Amino acid sequence: MGAVVGPHPSYIEVARPYIFEHKLRRCMVARAGAMGGGGGCEAREDSARLQGVGWIDNVRKALQLPVRTYNTACVYYHKFRLAHADTEYSMADAAAAALFTACKIEDTLKKSREILCAAFNLKLSPAEQLSPDDPLFEAHSKQIIGLERLMLEGASFDFRNRYPQKLVVKLCRAVLGLPSDDPAARTAYYMALDLYRTWAPLKQSTAAMALACVELALRLHAKDSETAGDGIAAARYDQLLRGVLDNDSTNGSDKRHDDHNDAGNDAMDVDTNGNGNGAHGPPLKPGLSYRAWAITRAEIMETLLDLLDLYTHHRSAALVGPAHPLDTYIVVRIPLNHEAARAALARHTNDPEPPLASPAAAQNDTSPNSAGGANGARPTTNGVHGTPRTPATPQDDIVPGRAHSLLSGASPLSGGGGSALAAAAGGQQQQQQRGQSGTVRFMLDAARAREERNMVERYFRAEEEEYEVEVEVEKVRRR
């Protein structure tokens, strides 16, 4: 009689509010494998990301939705694309489903018909525009509603989001004393919107994103004023720039905390004159305290370079890109590269992968594309980043927070297959069985999921005992 099979212990999917660059690279490599690979994978990835975010931005403006909904929709769109290959859906459907889901989360309710109608009417004149009740949107709206569940699963039902625009306004007004019509203040706000065209919202906290936007805006306008021969304005922006740079002897700690709404309220105490004092450090003027914001210079540097990459390679797809010449972005990046090289800052924070170049070559090469050069950037081949040295087939760690079986000996943080990326790594059968062989549950607390795994796996561990028994064997007589 065989052993009695008990109920399936279910799967646990743990949400991850932060997804770092090495995880994103593994996801993109796996997605390229799922789509057949080939050349131009990075260009195709950038194009799909920028087109989707541009679609969300245009439609939310047509519907007059707030910036919070735009932020949430972009994050859900990015996470959905990490969990599914581009061949499984169309860009417009994914963007519409992300905006539809974000409208519910941010309490700015819009029907799927209204979203599709607004996107359709953008291409028509006012006399030819349709109403949301038109039968043309009936079948398509049902598809968007069906994708909503995949959006929530891709984000592990994590409704925590970050809104850097509010903190950007506080920094410009209270700390720097800039009026609302100042060009640098407007540029910083638009940069906070452009950030969602990159992967930065998945990697950085609210404070890191806001400070990077303000710093880059000041650097750009200082350089533009210097180029135009306005030395007074250039000196003014240079002086304001010192107000957002670190004033501590150390760069703070690696601690991260939830800062989804009012991240800077505890780190900034502003009086009516616009002067502030850090909660745990020196006065905010002439410099902020990174330690009080629980961020490091490396995180801000990574965000700055992400924005500069966007404005250098995809100027027309951004809001701020066409406002400044290409040479300005290149000139602004040079001192940042030198600063990163002097401080030995890695191009991407929390990256466990070793550099691809040798130490000798890294010491001699200080170009932006060298492994030991500007901000630890990885070498490129014709503008395309090389694949990571870590194998791109880990079924347990491709997608952050994928479904994890409690029978496994790995940590529930590593996750298991259950996505299109896992299918690309050989997990097609597990993807089809997800939700059928056992219940999938979503958790926000990783420690609780780990404790539950340790408790449950005791009842499913197969324990065997070995015994040695000596048996006498009689010799058979020969005839």
# chains A, B, ... in the order shown; residues from 1 in each chain; ligands from 1
$ residues_around --residues "Leu336 in chain A" --least-positions-apart "3" --cutoff "12 Å" --atoms "only C-alpha atoms" --output "ChimeraX atom specification"
/A:212,215-216,219,297-298,300-305,308,329-333,339-345,347,368,373-376
$ write_last_selection --atoms "N, CA and C atoms" --output "PDB file, in the first residue's frame"
ATOM      1  N   ALA A 212      17.686  63.096  -7.247  1.00  0.00           N
ATOM      2  CA  ALA A 212      18.367  62.986  -8.541  1.00  0.00           C
ATOM      3  C   ALA A 212      17.736  63.924  -9.569  1.00  0.00           C
ATOM      4  N   GLU A 215      18.791  67.556  -8.665  1.00  0.00           N
ATOM      5  CA  GLU A 215      20.209  67.790  -8.946  1.00  0.00           C
ATOM      6  C   GLU A 215      20.476  67.884 -10.439  1.00  0.00           C
ATOM      7  N   LEU A 216      19.909  66.988 -11.224  1.00  0.00           N
ATOM      8  CA  LEU A 216      20.154  67.018 -12.659  1.00  0.00           C
ATOM      9  C   LEU A 216      19.548  68.265 -13.295  1.00  0.00           C
ATOM     10  N   ARG A 219      21.948  71.083 -12.630  1.00  0.00           N
ATOM     11  CA  ARG A 219      23.151  70.952 -13.449  1.00  0.00           C
ATOM     12  C   ARG A 219      22.882  71.362 -14.901  1.00  0.00           C
ATOM     13  N   ARG A 297      24.942  58.034  -1.971  1.00  0.00           N
ATOM     14  CA  ARG A 297      25.302  58.752  -3.196  1.00  0.00           C
ATOM     15  C   ARG A 297      25.279  57.817  -4.394  1.00  0.00           C
ATOM     16  N   ALA A 298      25.579  56.538  -4.191  1.00  0.00           N
ATOM     17  CA  ALA A 298      25.579  55.584  -5.297  1.00  0.00           C
ATOM     18  C   ALA A 298      24.187  55.430  -5.894  1.00  0.00           C
ATOM     19  N   ILE A 300      21.767  57.715  -5.903  1.00  0.00           N
ATOM     20  CA  ILE A 300      21.455  58.923  -6.667  1.00  0.00           C
ATOM     21  C   ILE A 300      22.238  58.948  -7.968  1.00  0.00           C
ATOM     22  N   MET A 301      23.501  58.520  -7.926  1.00  0.00           N
ATOM     23  CA  MET A 301      24.312  58.499  -9.137  1.00  0.00           C
ATOM     24  C   MET A 301      23.726  57.543 -10.176  1.00  0.00           C
ATOM     25  N   GLU A 302      23.252  56.403  -9.732  1.00  0.00           N
ATOM     26  CA  GLU A 302      22.629  55.467 -10.670  1.00  0.00           C
ATOM     27  C   GLU A 302      21.394  56.071 -11.322  1.00  0.00           C
ATOM     28  N   THR A 303      20.584  56.788 -10.544  1.00  0.00           N
ATOM     29  CA  THR A 303      19.393  57.420 -11.096  1.00  0.00           C
ATOM     30  C   THR A 303      19.763  58.537 -12.068  1.00  0.00           C
ATOM     31  N   LEU A 304      20.784  59.316 -11.726  1.00  0.00           N
ATOM     32  CA  LEU A 304      21.237  60.374 -12.632  1.00  0.00           C
ATOM     33  C   LEU A 304      21.675  59.808 -13.974  1.00  0.00           C
ATOM     34  N   LEU A 305      22.438  58.734 -13.938  1.00  0.00           N
ATOM     35  CA  LEU A 305      22.933  58.156 -15.187  1.00  0.00           C
ATOM     36  C   LEU A 305      21.817  57.471 -15.971  1.00  0.00           C
ATOM     37  N   LEU A 308      20.236  60.338 -17.788  1.00  0.00           N
ATOM     38  CA  LEU A 308      21.090  60.814 -18.867  1.00  0.00           C
ATOM     39  C   LEU A 308      21.135  59.831 -20.035  1.00  0.00           C
ATOM     40  N   TYR A 329      23.804  67.352 -22.425  1.00  0.00           N
ATOM     41  CA  TYR A 329      23.724  66.124 -21.630  1.00  0.00           C
ATOM     42  C   TYR A 329      25.091  65.437 -21.560  1.00  0.00           C
ATOM     43  N   ILE A 330      25.833  65.486 -22.652  1.00  0.00           N
ATOM     44  CA  ILE A 330      27.148  64.851 -22.647  1.00  0.00           C
ATOM     45  C   ILE A 330      28.103  65.595 -21.725  1.00  0.00           C
ATOM     46  N   VAL A 331      28.059  66.938 -21.780  1.00  0.00           N
ATOM     47  CA  VAL A 331      28.941  67.725 -20.928  1.00  0.00           C
ATOM     48  C   VAL A 331      28.578  67.561 -19.456  1.00  0.00           C
ATOM     49  N   VAL A 332      27.292  67.474 -19.161  1.00  0.00           N
ATOM     50  CA  VAL A 332      26.863  67.291 -17.766  1.00  0.00           C
ATOM     51  C   VAL A 332      27.301  65.937 -17.234  1.00  0.00           C
ATOM     52  N   ARG A 333      27.367  64.966 -18.096  1.00  0.00           N
ATOM     53  CA  ARG A 333      27.714  63.615 -17.641  1.00  0.00           C
ATOM     54  C   ARG A 333      29.198  63.464 -17.319  1.00  0.00           C
ATOM     55  N   GLU A 339      33.374  61.826 -10.905  1.00  0.00           N
ATOM     56  CA  GLU A 339      33.030  61.646  -9.491  1.00  0.00           C
ATOM     57  C   GLU A 339      32.840  60.174  -9.156  1.00  0.00           C
ATOM     58  N   ALA A 340      32.150  59.447 -10.033  1.00  0.00           N
ATOM     59  CA  ALA A 340      31.939  58.023  -9.787  1.00  0.00           C
ATOM     60  C   ALA A 340      33.242  57.251  -9.817  1.00  0.00           C
ATOM     61  N   ALA A 341      34.153  57.641 -10.710  1.00  0.00           N
ATOM     62  CA  ALA A 341      35.442  56.957 -10.775  1.00  0.00           C
ATOM     63  C   ALA A 341      36.273  57.219  -9.525  1.00  0.00           C
ATOM     64  N   ARG A 342      36.266  58.460  -9.028  1.00  0.00           N
ATOM     65  CA  ARG A 342      37.035  58.777  -7.826  1.00  0.00           C
ATOM     66  C   ARG A 342      36.480  58.052  -6.597  1.00  0.00           C
ATOM     67  N   ALA A 343      35.161  58.003  -6.488  1.00  0.00           N
ATOM     68  CA  ALA A 343      34.536  57.366  -5.319  1.00  0.00           C
ATOM     69  C   ALA A 343      34.355  55.867  -5.498  1.00  0.00           C
ATOM     70  N   ALA A 344      34.753  55.323  -6.655  1.00  0.00           N
ATOM     71  CA  ALA A 344      34.608  53.885  -6.931  1.00  0.00           C
ATOM     72  C   ALA A 344      33.160  53.439  -6.790  1.00  0.00           C
ATOM     73  N   LEU A 345      32.239  54.218  -7.359  1.00  0.00           N
ATOM     74  CA  LEU A 345      30.820  53.883  -7.312  1.00  0.00           C
ATOM     75  C   LEU A 345      30.482  52.964  -8.474  1.00  0.00           C
ATOM     76  N   ARG A 347      28.220  51.216 -11.344  1.00  0.00           N
ATOM     77  CA  ARG A 347      27.178  51.764 -12.220  1.00  0.00           C
ATOM     78  C   ARG A 347      25.804  51.419 -11.706  1.00  0.00           C
ATOM     79  N   PRO A 368      33.522  55.971 -20.309  1.00  0.00           N
ATOM     80  CA  PRO A 368      32.233  55.654 -19.705  1.00  0.00           C
ATOM     81  C   PRO A 368      31.806  54.218 -19.901  1.00  0.00           C
ATOM     82  N   GLY A 373      35.701  52.248 -15.402  1.00  0.00           N
ATOM     83  CA  GLY A 373      35.641  53.649 -15.738  1.00  0.00           C
ATOM     84  C   GLY A 373      34.505  54.344 -15.038  1.00  0.00           C
ATOM     85  N   ALA A 374      33.785  55.148 -15.781  1.00  0.00           N
ATOM     86  CA  ALA A 374      32.793  56.027 -15.186  1.00  0.00           C
ATOM     87  C   ALA A 374      31.687  55.227 -14.527  1.00  0.00           C
ATOM     88  N   ASN A 375      31.628  55.344 -13.251  1.00  0.00           N
ATOM     89  CA  ASN A 375      30.562  54.749 -12.460  1.00  0.00           C
ATOM     90  C   ASN A 375      30.451  53.251 -12.668  1.00  0.00           C
ATOM     91  N   GLY A 376      31.531  52.591 -12.975  1.00  0.00           N
ATOM     92  CA  GLY A 376      31.526  51.145 -13.089  1.00  0.00           C
ATOM     93  C   GLY A 376      30.686  50.612 -14.225  1.00  0.00           C
TER      94      GLY A 376
END
$ residues_around --residues "Lys79 in chain A" --least-positions-apart "3" --cutoff "10 Å" --atoms "only C-alpha atoms" --output "list in words"
Ile19, Leu24, Cys74, Val75, Tyr76, Leu82, Ala83, His84, Ala98, Met151, Leu152, Glu153, Gly154, Ala155, Ser156, Trp199, Leu202, Val399 and Pro400 of chain A
$ write_last_selection --atoms "N, CA and C atoms" --output "CSV table (one decimal), in the first residue's frame"
chain,number,residue,atom,x,y,z
A,19,ILE,N,13.3,46.0,-7.2
A,19,ILE,CA,13.9,45.0,-8.2
A,19,ILE,C,15.2,45.7,-8.7
A,24,LEU,N,16.8,42.6,-13.3
A,24,LEU,CA,16.2,43.1,-14.6
A,24,LEU,C,17.0,42.6,-15.8
A,74,CYS,N,2.5,52.9,-14.7
A,74,CYS,CA,3.9,52.6,-15.3
A,74,CYS,C,4.6,51.5,-14.6
A,75,VAL,N,4.5,51.5,-13.2
A,75,VAL,CA,5.1,50.5,-12.4
A,75,VAL,C,4.5,49.1,-12.7
A,76,TYR,N,3.2,49.1,-12.8
A,76,TYR,CA,2.5,47.8,-13.1
A,76,TYR,C,2.8,47.4,-14.5
A,82,LEU,N,8.0,42.2,-17.1
A,82,LEU,CA,9.1,41.3,-16.6
A,82,LEU,C,8.6,39.9,-16.5
A,83,ALA,N,7.3,39.7,-16.3
A,83,ALA,CA,6.7,38.4,-16.1
A,83,ALA,C,6.1,37.7,-17.3
A,84,HIS,N,6.1,38.4,-18.4
A,84,HIS,CA,5.5,37.9,-19.6
A,84,HIS,C,6.3,38.3,-20.8
A,98,ALA,N,-2.8,48.1,-17.6
A,98,ALA,CA,-2.0,48.7,-16.5
A,98,ALA,C,-2.7,50.0,-16.0
A,151,MET,N,-2.1,41.5,-14.4
A,151,MET,CA,-1.4,42.7,-13.8
A,151,MET,C,-1.2,42.6,-12.3
A,152,LEU,N,-2.2,42.2,-11.6
A,152,LEU,CA,-2.2,42.1,-10.2
A,152,LEU,C,-1.2,41.0,-9.8
A,153,GLU,N,-1.3,39.8,-10.5
A,153,GLU,CA,-0.3,38.8,-10.2
A,153,GLU,C,1.1,39.1,-10.5
A,154,GLY,N,1.3,39.9,-11.6
A,154,GLY,CA,2.7,40.3,-11.9
A,154,GLY,C,3.3,41.2,-10.8
A,155,ALA,N,2.4,42.0,-10.2
A,155,ALA,CA,2.9,42.8,-9.1
A,155,ALA,C,2.8,42.2,-7.7
A,156,SER,N,2.4,40.9,-7.7
A,156,SER,CA,2.2,40.1,-6.4
A,156,SER,C,1.2,40.8,-5.5
A,199,TRP,N,13.9,52.2,-15.8
A,199,TRP,CA,13.7,51.2,-14.8
A,199,TRP,C,13.9,51.7,-13.4
A,202,LEU,N,11.6,51.1,-10.2
A,202,LEU,CA,11.6,49.7,-9.6
A,202,LEU,C,12.8,49.6,-8.7
A,399,VAL,N,12.2,35.8,-12.1
A,399,VAL,CA,11.2,36.8,-11.8
A,399,VAL,C,11.1,37.1,-10.3
A,400,PRO,N,11.2,38.3,-9.9
A,400,PRO,CA,11.1,38.6,-8.4
A,400,PRO,C,9.8,38.1,-7.9
$ closest_residue --among "A:Ala73, A:Leu63, A:Ala323, A:Ala118" --to "Ile105 in chain A" --atoms "only C-alpha atoms"
A:Ala73
$ closest_residue --among "A:Lys142, A:Arg49, A:Arg291, A:Arg16" --to "Phe159 in chain A" --atoms "only C-alpha atoms"
A:Arg16
$ closest_residue --among "A:Leu220, A:Ala85, A:Ile145, A:Cys117" --to "Ala97 in chain A" --atoms "only C-alpha atoms"
A:Ile145
$ atom_distance --atom1 "CA of Glu148 in chain A" --atom2 "CA of Arg44 in chain A"
24.4 Å
$ residues_around --residues "range 193-198 of chain A" --least-positions-apart "2" --cutoff "9 Å" --atoms "only C-alpha atoms" --output "ChimeraX atom specification"
/A:46,49-50,52-54,67,70-71,74-75,164-165,188-191,200-202,209,213,303,306-307,310,317-320
$ atom_distance --atom1 "CA of Asp309 in chain A" --atom2 "CA of Thr72 in chain A"
22.7 Å
$ atom_distance --atom1 "CA of Lys223 in chain A" --atom2 "CA of Pro325 in chain A"
10.8 Å
$ residues_around --residues "Trp55 in chain A" --least-positions-apart "4" --cutoff "7 Å" --atoms "only C-alpha atoms" --output "PyMOL selection string"
chain A and resi 51+59+95
$ write_last_selection --atoms "N, CA, C and O atoms" --output "mmCIF file, in the first residue's frame"
data_model
loop_
_atom_site.group_PDB
_atom_site.id
_atom_site.type_symbol
_atom_site.label_atom_id
_atom_site.label_comp_id
_atom_site.auth_asym_id
_atom_site.auth_seq_id
_atom_site.Cartn_x
_atom_site.Cartn_y
_atom_site.Cartn_z
ATOM 1 N N GLN A 51 7.281 52.981 -25.739
ATOM 2 C CA GLN A 51 5.980 53.078 -26.385
ATOM 3 C C GLN A 51 4.842 52.841 -25.394
ATOM 4 O O GLN A 51 3.830 53.548 -25.420
ATOM 5 N N VAL A 59 -2.896 58.792 -22.831
ATOM 6 C CA VAL A 59 -4.286 58.479 -22.487
ATOM 7 C C VAL A 59 -4.659 59.078 -21.139
ATOM 8 O O VAL A 59 -5.776 59.591 -20.961
ATOM 9 N N ALA A 95 -0.608 48.167 -21.827
ATOM 10 C CA ALA A 95 -0.660 49.529 -21.289
ATOM 11 C C ALA A 95 -2.068 49.886 -20.836
ATOM 12 O O ALA A 95 -2.254 50.517 -19.783
#
$ select_by_dssp --residues "range 157-196 of chain A" --states "alpha helix (DSSP H)" --output "ChimeraX atom specification"
/A:164-170,183-194
$ closest_residue --among "A:Ala32, A:Ile232, A:Ile295, A:Ala447" --to "Ser205 in chain A" --atoms "only C-alpha atoms"
A:Ile295
